[in-house]
Amino acid sequence: MPKEKIERQKMPEQKPHDRIKNFNEVPFGFPQEIAMKEAQRCLQCKKPACVKGCPVEVAIPEFIKLVAEGKFVEAARKVKSTNALPAVCGRVCPQESQCEKVCIVGKKDKPVAIGSLERFVADFERNTNAVKIPNIAEKKNIKVAVVGSGPAGLTCAGDLALKGYDVTIFEALHKTGGVLVYGIPEFRLPKVIVQAEVNYLTMMGVKVETNMLVGKVATLTELFKEGYKAAFVGTGAGLPMFLNIPGENLIGVLSANEYLTRVNLMKAYLFPEYDTPMVKSKKVAVVGAGNVAMDSARTALRLGAEKVYIVYRRSPEEMPARKEEIHHAQEEGIDFQLLTNPIEVLGKDGCVRGIKCIKMELGAPDESGRRRPIPIKDSEFEIEVDTVVVAIGNGPNPLLLKATPEIELNKWGNINANPETLATTMKGVYAGGDIVTGAATVIEAMGQGKIAARSIDKYLTGG
Ligand SMILES: Cc1cc2nc3c(=O)[nH]c(=O)nc-3n(C[C@H](O)[C@H](O)[C@H](O)COP(=O)(O)OP(=O)(O)OC[C@H]3O[C@@H](n4cnc5c(N)ncnc54)[C@H](O)[C@@H]3O)c2cc1C
Ligand code: SF4
């Protein structure tokens, strides 16, 4: 008898009119029985395409089979054998363009909800206090420095600790996690989850030094003198880009970095419990349409803005944000002004009063392969706003690199690392994540952290 068809299971979540008033996580996660039902949709392919779509090669069919059998802790351990941050990845990875994009079920139906299942097993293990330290190789008594505690640094540190190295993470900020704590908002990625995944590394023996800006407090050369035998640089893309249009220095124009850092890392959303001041905006324009833009727009709503616009110069198909975030932003009432380019920020008494835009149409494809937006003559119009958040991309974090001329950079200012090994031009120094690739994704940064850990091990063992 043919198997009864199971529809892709939907994760229950907060209703839009409730959630725009709080910073609590939007989706609630799968209940156990729903997770098991969803897991039954997996065909257990002999040649699983999904694994090829995953930069850290999670054993997807194996862990899903364990979920279908109700062996949730075992499933979590299976995932964690290659991915140290499953609760994070299950929440923020763009699965629709990775594992789920190539899932065989997705050819005729909706793909298996791999990301939601990954989140489920990681949460189950944590919530039932079943987290266990993995087997660690015998101590090598070799010190390795990891600079930056974003997903690249955390992954590299975890993999090196497993191999028996004495690893110290140096982080410039007072909290570990990189963009996971200062960028991605609480309603998408609760910070207790990031902290739990960092705790897992410290349980494995990784040391963490926060408030430690490498390049200023100590240079890489000084760390080597202190006995570190190799270093990984995972300093990310933390330098905001601006529009370079008139009026951009008016009061009320912020980079998305500053906006989100104040709210997330400095906890402005809990004001006055935390005393980080935050602009009180009524009408906000967020420029850009990536994850950073969606996060800024949805944060602005939750901080009490009455109207929030996304202003983006290309068409809906080209919006780079995860589909789920665009969908959530639309449900929450964000006004999408697409094929629209800001040309001037308008001011009154030194403060923002609006933004002047021009309508765009799509021309021939440009070097990115996407159709180039072209301004439509005489189509200028104004949008009344009191705050403009610029979320059009980030450049490499320059602080460490300025102090380390030995490390060769490419024309965009990113580290020129060997693509195979991630070795830099400075002996014993490897690099990965956004500082090498330019602003990318959590899982890509993690994939690079893994490659670098393997290379560092080879370098230190003369392999
Ligand atoms: C708002 C926002 C939302 C995003 N949403 C998603 C998403 O939904 N899904 C997704 O996959 N990706 C998302 N991304 C992208 C993703 O977060 C990044 O690609 C990823 O975090 C890069 O990891 P990384 O380890 O290279 O760098 P980062 O996460 O940037 O971490 C770098 C760390 O290095 C530290 N550092 C820098 N210089 C020094 C120094 N000199 N000394 C010591 N420490 C230093 C920084 O303080 C930081 O903590 C988002 C990015 C942003 C900004
Ligand atoms: S491709 Fe899809 S159906 Fe096949 S093993 Fe992976 S998740 Fe299961």
# chains A, B, ... in the order shown; residues from 1 in each chain; ligands from 1
$ closest_atom_pairs --of "chain A" --to "ligand 2" --cutoff "6 Å" --atoms "only C-alpha atoms and all ligand atoms" --output "Markdown table"
| residue | atom | partner | partner_atom_place_in_ligand_line | distance |
| --- | --- | --- | --- | --- |
| A:Cys42 | CA | ligand 2 | 8 (Fe) | 3.8 |
| A:Leu43 | CA | ligand 2 | 3 (S) | 4.2 |
| A:Gln44 | CA | ligand 2 | 5 (S) | 4.2 |
| A:Cys45 | CA | ligand 2 | 4 (Fe) | 4.3 |
| A:Pro48 | CA | ligand 2 | 5 (S) | 4.5 |
| A:Ala49 | CA | ligand 2 | 1 (S) | 4.7 |
| A:Cys50 | CA | ligand 2 | 6 (Fe) | 4.3 |
| A:Pro61 | CA | ligand 2 | 5 (S) | 4.4 |
| A:Cys103 | CA | ligand 2 | 1 (S) | 3.6 |
| A:Ile104 | CA | ligand 2 | 1 (S) | 4.5 |
| A:Val105 | CA | ligand 2 | 3 (S) | 5.1 |
| A:Val112 | CA | ligand 2 | 7 (S) | 5.5 |
$ write_last_selection --atoms "C-alpha atoms" --output "PDB file, in the first residue's frame"
ATOM      1  CA  CYS A  42      12.430  12.128   4.890  1.00  0.00           C
ATOM      2  CA  LEU A  43      13.052   9.433   2.252  1.00  0.00           C
ATOM      3  CA  GLN A  44      16.408   8.423   3.803  1.00  0.00           C
ATOM      4  CA  CYS A  45      18.038   8.823   0.411  1.00  0.00           C
ATOM      5  CA  PRO A  48      21.452  12.418   0.269  1.00  0.00           C
ATOM      6  CA  ALA A  49      21.570  15.645  -1.734  1.00  0.00           C
ATOM      7  CA  CYS A  50      20.794  17.613   1.436  1.00  0.00           C
ATOM      8  CA  PRO A  61      19.269  11.624   7.047  1.00  0.00           C
ATOM      9  CA  CYS A 103      16.164  17.950  -0.701  1.00  0.00           C
ATOM     10  CA  ILE A 104      14.696  15.246  -2.973  1.00  0.00           C
ATOM     11  CA  VAL A 105      11.219  15.582  -1.427  1.00  0.00           C
ATOM     12  CA  VAL A 112      11.690  18.277   4.561  1.00  0.00           C
TER      13      VAL A 112
END
$ residues_near_ligand --ligand "ligand 1" --cutoff "6 Å" --atoms "only C-alpha atoms and all ligand atoms" --output "PyMOL selection string"
chain A and resi 92-94+147-153+170-173+177-180+183-184+212-215+234-238+291-292+295+397+399-400+433-435+439-443+445
$ write_last_selection --atoms "N, CA and C atoms" --output "short mmCIF file (atom, residue, chain, number, x, y, z; two decimals), in the first residue's frame"
data_model
loop_
_atom_site.label_atom_id
_atom_site.label_comp_id
_atom_site.auth_asym_id
_atom_site.auth_seq_id
_atom_site.Cartn_x
_atom_site.Cartn_y
_atom_site.Cartn_z
N VAL A 92 18.75 30.35 12.18
CA VAL A 92 19.09 31.45 11.27
C VAL A 92 19.69 31.05 9.92
N CYS A 93 19.98 29.75 9.73
CA CYS A 93 20.55 29.38 8.44
C CYS A 93 19.54 29.58 7.31
N PRO A 94 20.01 30.03 6.15
CA PRO A 94 19.09 30.15 5.01
C PRO A 94 18.87 28.76 4.38
N VAL A 147 40.99 34.78 17.27
CA VAL A 147 40.61 36.18 17.42
C VAL A 147 39.22 36.39 16.83
N GLY A 148 38.27 36.76 17.70
CA GLY A 148 36.89 36.94 17.27
C GLY A 148 36.05 35.75 17.68
N SER A 149 34.90 36.04 18.29
CA SER A 149 34.08 34.93 18.81
C SER A 149 32.76 34.79 18.05
N GLY A 150 32.78 35.15 16.76
CA GLY A 150 31.60 34.90 15.93
C GLY A 150 31.56 33.42 15.56
N PRO A 151 30.61 33.04 14.70
CA PRO A 151 30.49 31.61 14.35
C PRO A 151 31.77 31.00 13.78
N ALA A 152 32.58 31.79 13.05
CA ALA A 152 33.83 31.24 12.51
C ALA A 152 34.78 30.91 13.64
N GLY A 153 35.01 31.87 14.53
CA GLY A 153 35.93 31.68 15.65
C GLY A 153 35.46 30.58 16.59
N PHE A 170 39.96 35.36 21.88
CA PHE A 170 40.05 36.76 22.26
C PHE A 170 38.93 37.53 21.56
N GLU A 171 38.11 38.21 22.34
CA GLU A 171 36.97 38.92 21.78
C GLU A 171 37.01 40.39 22.21
N ALA A 172 36.86 41.29 21.23
CA ALA A 172 36.94 42.73 21.52
C ALA A 172 35.77 43.21 22.38
N LEU A 173 34.59 42.64 22.16
CA LEU A 173 33.40 43.11 22.90
C LEU A 173 33.32 42.42 24.27
N GLY A 177 30.08 35.80 20.73
CA GLY A 177 29.03 35.40 19.78
C GLY A 177 29.05 36.20 18.48
N GLY A 178 29.79 37.32 18.46
CA GLY A 178 29.85 38.13 17.23
C GLY A 178 28.46 38.62 16.84
N VAL A 179 28.17 38.53 15.55
CA VAL A 179 26.87 39.01 15.05
C VAL A 179 25.71 38.29 15.76
N LEU A 180 25.94 37.08 16.20
CA LEU A 180 24.85 36.33 16.85
C LEU A 180 24.35 37.04 18.10
N GLY A 183 24.16 41.55 16.50
CA GLY A 183 23.38 41.89 15.31
C GLY A 183 21.99 41.28 15.29
N ILE A 184 21.93 39.97 15.36
CA ILE A 184 20.63 39.29 15.19
C ILE A 184 19.77 39.51 16.44
N MET A 212 39.01 42.26 24.77
CA MET A 212 40.40 42.09 24.35
C MET A 212 40.50 42.37 22.84
N LEU A 213 40.85 43.61 22.54
CA LEU A 213 40.93 44.03 21.14
C LEU A 213 42.32 43.70 20.60
N VAL A 214 42.41 42.61 19.88
CA VAL A 214 43.72 42.21 19.34
C VAL A 214 44.10 43.20 18.23
N GLY A 215 45.37 43.64 18.29
CA GLY A 215 45.80 44.70 17.37
C GLY A 215 45.98 45.99 18.13
N GLY A 234 39.13 35.56 12.91
CA GLY A 234 37.72 35.51 12.48
C GLY A 234 37.04 36.79 12.93
N THR A 235 37.57 37.92 12.44
CA THR A 235 37.12 39.21 12.99
C THR A 235 35.90 39.80 12.26
N GLY A 236 35.39 39.10 11.26
CA GLY A 236 34.09 39.46 10.69
C GLY A 236 34.05 40.73 9.86
N ALA A 237 32.83 41.06 9.44
CA ALA A 237 32.59 42.26 8.63
C ALA A 237 31.78 43.22 9.48
N GLY A 238 32.48 44.03 10.27
CA GLY A 238 31.76 44.89 11.20
C GLY A 238 31.78 46.36 10.84
N ASN A 291 19.06 40.39 5.46
CA ASN A 291 18.65 40.03 6.83
C ASN A 291 18.83 41.20 7.78
N VAL A 292 19.91 41.97 7.56
CA VAL A 292 20.20 43.09 8.45
C VAL A 292 19.08 44.12 8.36
N ASP A 295 15.92 42.75 10.05
CA ASP A 295 16.08 42.80 11.51
C ASP A 295 15.89 44.22 12.02
N ASN A 397 36.20 44.21 9.13
CA ASN A 397 36.59 44.92 10.35
C ASN A 397 38.08 45.25 10.27
N LEU A 399 40.28 46.83 12.34
CA LEU A 399 41.10 47.14 13.51
C LEU A 399 42.38 46.30 13.63
N LEU A 400 42.22 44.98 13.52
CA LEU A 400 43.38 44.12 13.66
C LEU A 400 44.29 44.22 12.43
N GLY A 433 35.66 33.10 7.66
CA GLY A 433 34.41 33.81 7.96
C GLY A 433 34.33 35.08 7.13
N ASP A 434 33.50 36.02 7.59
CA ASP A 434 33.23 37.24 6.82
C ASP A 434 34.49 38.04 6.51
N ILE A 435 35.53 37.92 7.35
CA ILE A 435 36.75 38.71 7.12
C ILE A 435 37.46 38.22 5.85
N ALA A 439 30.75 39.87 3.82
CA ALA A 439 29.54 39.53 4.59
C ALA A 439 28.82 38.33 3.94
N ALA A 440 28.69 37.23 4.69
CA ALA A 440 28.06 36.01 4.13
C ALA A 440 27.07 35.45 5.15
N THR A 441 27.20 34.16 5.46
CA THR A 441 26.21 33.56 6.37
C THR A 441 26.90 32.85 7.53
N VAL A 442 26.10 32.55 8.54
CA VAL A 442 26.59 31.87 9.74
C VAL A 442 27.23 30.54 9.36
N ILE A 443 26.54 29.77 8.55
CA ILE A 443 27.03 28.42 8.24
C ILE A 443 28.28 28.47 7.37
N ALA A 445 30.52 30.83 7.54
CA ALA A 445 31.59 31.21 8.48
C ALA A 445 32.01 29.97 9.27
#
$ residues_around --residues "range 361-372 of chain A" --least-positions-apart "2" --cutoff "9 Å" --atoms "only C-alpha atoms" --output "JSON list (two decimals) with N, CA and C atoms, in the first residue's frame"
[["chain", "number", "residue", "atom", "x", "y", "z"],
["A", 313, "ARG", "N", 16.34, 49.14, -3.88],
["A", 313, "ARG", "CA", 16.39, 49.61, -5.28],
["A", 313, "ARG", "C", 16.10, 48.53, -6.30],
["A", 314, "ARG", "N", 16.08, 47.25, -5.88],
["A", 314, "ARG", "CA", 15.80, 46.18, -6.86],
["A", 314, "ARG", "C", 14.38, 45.65, -6.65],
["A", 315, "SER", "N", 14.08, 44.50, -7.31],
["A", 315, "SER", "CA", 12.72, 43.97, -7.26],
["A", 315, "SER", "C", 12.60, 42.89, -6.17],
["A", 318, "GLU", "N", 14.90, 39.80, -5.89],
["A", 318, "GLU", "CA", 16.33, 39.98, -5.59],
["A", 318, "GLU", "C", 16.61, 40.29, -4.14],
["A", 339, "LEU", "N", 12.07, 48.70, -5.86],
["A", 339, "LEU", "CA", 12.48, 49.46, -7.05],
["A", 339, "LEU", "C", 12.48, 50.95, -6.73],
["A", 340, "THR", "N", 13.04, 51.25, -5.58],
["A", 340, "THR", "CA", 13.06, 52.62, -5.07],
["A", 340, "THR", "C", 14.44, 52.91, -4.50],
["A", 359, "LYS", "N", 12.18, 56.36, -8.32],
["A", 359, "LYS", "CA", 11.72, 55.02, -8.75],
["A", 359, "LYS", "C", 12.73, 54.42, -9.73],
["A", 374, "ILE", "N", 17.82, 50.91, -12.86],
["A", 374, "ILE", "CA", 18.09, 52.19, -13.55],
["A", 374, "ILE", "C", 17.02, 53.20, -13.10],
["A", 375, "PRO", "N", 17.45, 54.42, -12.76],
["A", 375, "PRO", "CA", 16.46, 55.42, -12.30],
["A", 375, "PRO", "C", 15.47, 55.79, -13.40],
["A", 376, "ILE", "N", 14.21, 55.97, -13.03],
["A", 376, "ILE", "CA", 13.19, 56.42, -13.99],
["A", 376, "ILE", "C", 13.14, 57.95, -13.90]]
$ atom_distance --atom1 "CA of Leu346 in chain A" --atom2 "CA of Glu306 in chain A"
19.6 Å
$ atom_distance --atom1 "CA of Val279 in chain A" --atom2 "CA of Met319 in chain A"
27.1 Å
$ residues_around --residues "Ile310 in chain A" --least-positions-apart "5" --cutoff "8 Å" --atoms "only C-alpha atoms" --output "list of chain:residue names"
A:Ala285, A:Val286, A:Val287, A:Gly288, A:Ala289, A:Ala293, A:Met294, A:Ala297, A:Ile334, A:Asp335, A:Phe336, A:Gln337, A:Leu338
$ write_last_selection --atoms "C-alpha atoms" --output "PDB file, in the first residue's frame"
ATOM      1  CA  ALA A 285      12.979  54.077   6.636  1.00  0.00           C
ATOM      2  CA  VAL A 286      15.359  51.137   6.504  1.00  0.00           C
ATOM      3  CA  VAL A 287      17.490  51.123   3.361  1.00  0.00           C
ATOM      4  CA  GLY A 288      18.377  47.635   2.050  1.00  0.00           C
ATOM      5  CA  ALA A 289      16.599  44.261   1.895  1.00  0.00           C
ATOM      6  CA  ALA A 293      17.519  45.324   6.944  1.00  0.00           C
ATOM      7  CA  MET A 294      14.655  42.984   7.974  1.00  0.00           C
ATOM      8  CA  ALA A 297      12.816  47.137  10.392  1.00  0.00           C
ATOM      9  CA  ILE A 334       6.389  46.624   7.182  1.00  0.00           C
ATOM     10  CA  ASP A 335       5.796  48.746   4.061  1.00  0.00           C
ATOM     11  CA  PHE A 336       8.051  47.499   1.217  1.00  0.00           C
ATOM     12  CA  GLN A 337       9.044  50.298  -1.168  1.00  0.00           C
ATOM     13  CA  LEU A 338      10.786  48.260  -3.862  1.00  0.00           C
TER      14      LEU A 338
END
$ closest_residue --among "A:Lys143, A:Ile451, A:Thr210, A:Ala76" --to "Lys225 in chain A" --atoms "only C-alpha atoms"
A:Lys143
$ atom_distance --atom1 "CA of Lys283 in chain A" --atom2 "CA of Gly350 in chain A"
16.9 Å
$ closest_residue --among "A:Tyr165, A:Phe63, A:Tyr200, A:Phe381" --to "Met360 in chain A" --atoms "only C-alpha atoms"
A:Phe381
$ closest_residue --among "A:Pro246, A:Pro134, A:Pro12, A:Gly205" --to "Ile343 in chain A" --atoms "only C-alpha atoms"
A:Pro246
$ closest_residue --among "A:Lys356, A:Lys348, A:Lys427, A:Arg298" --to "Ile326 in chain A" --atoms "only C-alpha atoms"
A:Arg298
$ decode --residues "range 157-176 of chain A" --atoms "N, CA, C and O atoms" --output "PDB file, in the first residue's frame"
ATOM      1  N   ALA A 157      37.557  27.214  17.253  1.00  0.00           N
ATOM      2  CA  ALA A 157      37.987  26.937  18.629  1.00  0.00           C
ATOM      3  C   ALA A 157      37.486  25.559  19.079  1.00  0.00           C
ATOM      4  O   ALA A 157      38.241  24.768  19.661  1.00  0.00           O
ATOM      5  N   GLY A 158      36.220  25.268  18.779  1.00  0.00           N
ATOM      6  CA  GLY A 158      35.633  23.987  19.204  1.00  0.00           C
ATOM      7  C   GLY A 158      36.354  22.809  18.564  1.00  0.00           C
ATOM      8  O   GLY A 158      36.702  21.824  19.239  1.00  0.00           O
ATOM      9  N   ASP A 159      36.619  22.913  17.267  1.00  0.00           N
ATOM     10  CA  ASP A 159      37.266  21.804  16.562  1.00  0.00           C
ATOM     11  C   ASP A 159      38.698  21.603  17.060  1.00  0.00           C
ATOM     12  O   ASP A 159      39.168  20.467  17.198  1.00  0.00           O
ATOM     13  N   LEU A 160      39.393  22.709  17.356  1.00  0.00           N
ATOM     14  CA  LEU A 160      40.770  22.583  17.849  1.00  0.00           C
ATOM     15  C   LEU A 160      40.784  22.012  19.270  1.00  0.00           C
ATOM     16  O   LEU A 160      41.655  21.198  19.610  1.00  0.00           O
ATOM     17  N   ALA A 161      39.816  22.412  20.080  1.00  0.00           N
ATOM     18  CA  ALA A 161      39.736  21.881  21.454  1.00  0.00           C
ATOM     19  C   ALA A 161      39.520  20.369  21.404  1.00  0.00           C
ATOM     20  O   ALA A 161      40.126  19.606  22.170  1.00  0.00           O
ATOM     21  N   LEU A 162      38.654  19.934  20.478  1.00  0.00           N
ATOM     22  CA  LEU A 162      38.383  18.486  20.336  1.00  0.00           C
ATOM     23  C   LEU A 162      39.656  17.722  19.997  1.00  0.00           C
ATOM     24  O   LEU A 162      39.837  16.568  20.387  1.00  0.00           O
ATOM     25  N   LYS A 163      40.550  18.393  19.267  1.00  0.00           N
ATOM     26  CA  LYS A 163      41.804  17.746  18.853  1.00  0.00           C
ATOM     27  C   LYS A 163      42.863  17.834  19.955  1.00  0.00           C
ATOM     28  O   LYS A 163      44.007  17.441  19.753  1.00  0.00           O
ATOM     29  N   GLY A 164      42.536  18.441  21.098  1.00  0.00           N
ATOM     30  CA  GLY A 164      43.461  18.460  22.235  1.00  0.00           C
ATOM     31  C   GLY A 164      44.302  19.716  22.363  1.00  0.00           C
ATOM     32  O   GLY A 164      45.216  19.770  23.191  1.00  0.00           O
ATOM     33  N   TYR A 165      44.004  20.772  21.556  1.00  0.00           N
ATOM     34  CA  TYR A 165      44.790  22.013  21.663  1.00  0.00           C
ATOM     35  C   TYR A 165      44.286  22.855  22.840  1.00  0.00           C
ATOM     36  O   TYR A 165      43.127  22.755  23.256  1.00  0.00           O
ATOM     37  N   ASP A 166      45.183  23.718  23.309  1.00  0.00           N
ATOM     38  CA  ASP A 166      44.867  24.637  24.393  1.00  0.00           C
ATOM     39  C   ASP A 166      44.433  25.954  23.728  1.00  0.00           C
ATOM     40  O   ASP A 166      45.281  26.739  23.291  1.00  0.00           O
ATOM     41  N   VAL A 167      43.121  26.164  23.612  1.00  0.00           N
ATOM     42  CA  VAL A 167      42.604  27.267  22.783  1.00  0.00           C
ATOM     43  C   VAL A 167      42.112  28.433  23.643  1.00  0.00           C
ATOM     44  O   VAL A 167      41.387  28.221  24.621  1.00  0.00           O
ATOM     45  N   THR A 168      42.493  29.646  23.245  1.00  0.00           N
ATOM     46  CA  THR A 168      41.937  30.850  23.886  1.00  0.00           C
ATOM     47  C   THR A 168      41.293  31.707  22.811  1.00  0.00           C
ATOM     48  O   THR A 168      41.913  31.997  21.789  1.00  0.00           O
ATOM     49  N   ILE A 169      40.040  32.083  23.099  1.00  0.00           N
ATOM     50  CA  ILE A 169      39.344  33.011  22.182  1.00  0.00           C
ATOM     51  C   ILE A 169      39.525  34.418  22.736  1.00  0.00           C
ATOM     52  O   ILE A 169      39.272  34.662  23.922  1.00  0.00           O
ATOM     53  N   PHE A 170      39.956  35.357  21.878  1.00  0.00           N
ATOM     54  CA  PHE A 170      40.051  36.765  22.262  1.00  0.00           C
ATOM     55  C   PHE A 170      38.935  37.527  21.561  1.00  0.00           C
ATOM     56  O   PHE A 170      38.826  37.487  20.333  1.00  0.00           O
ATOM     57  N   GLU A 171      38.112  38.212  22.345  1.00  0.00           N
ATOM     58  CA  GLU A 171      36.967  38.924  21.782  1.00  0.00           C
ATOM     59  C   GLU A 171      37.010  40.386  22.213  1.00  0.00           C
ATOM     60  O   GLU A 171      37.160  40.680  23.399  1.00  0.00           O
ATOM     61  N   ALA A 172      36.858  41.289  21.227  1.00  0.00           N
ATOM     62  CA  ALA A 172      36.936  42.726  21.517  1.00  0.00           C
ATOM     63  C   ALA A 172      35.766  43.205  22.382  1.00  0.00           C
ATOM     64  O   ALA A 172      35.936  44.060  23.244  1.00  0.00           O
ATOM     65  N   LEU A 173      34.586  42.639  22.165  1.00  0.00           N
ATOM     66  CA  LEU A 173      33.397  43.106  22.899  1.00  0.00           C
ATOM     67  C   LEU A 173      33.315  42.420  24.266  1.00  0.00           C
ATOM     68  O   LEU A 173      34.101  41.525  24.562  1.00  0.00           O
ATOM     69  N   HIS A 174      32.317  42.830  25.066  1.00  0.00           N
ATOM     70  CA  HIS A 174      32.203  42.232  26.398  1.00  0.00           C
ATOM     71  C   HIS A 174      31.388  40.939  26.373  1.00  0.00           C
ATOM     72  O   HIS A 174      31.206  40.308  27.400  1.00  0.00           O
ATOM     73  N   LYS A 175      30.867  40.563  25.226  1.00  0.00           N
ATOM     74  CA  LYS A 175      30.082  39.326  25.106  1.00  0.00           C
ATOM     75  C   LYS A 175      30.585  38.517  23.915  1.00  0.00           C
ATOM     76  O   LYS A 175      30.984  39.087  22.907  1.00  0.00           O
ATOM     77  N   THR A 176      30.502  37.218  24.022  1.00  0.00           N
ATOM     78  CA  THR A 176      30.932  36.362  22.917  1.00  0.00           C
ATOM     79  C   THR A 176      29.757  36.039  21.984  1.00  0.00           C
ATOM     80  O   THR A 176      28.614  35.972  22.430  1.00  0.00           O
TER      81      THR A 176
END
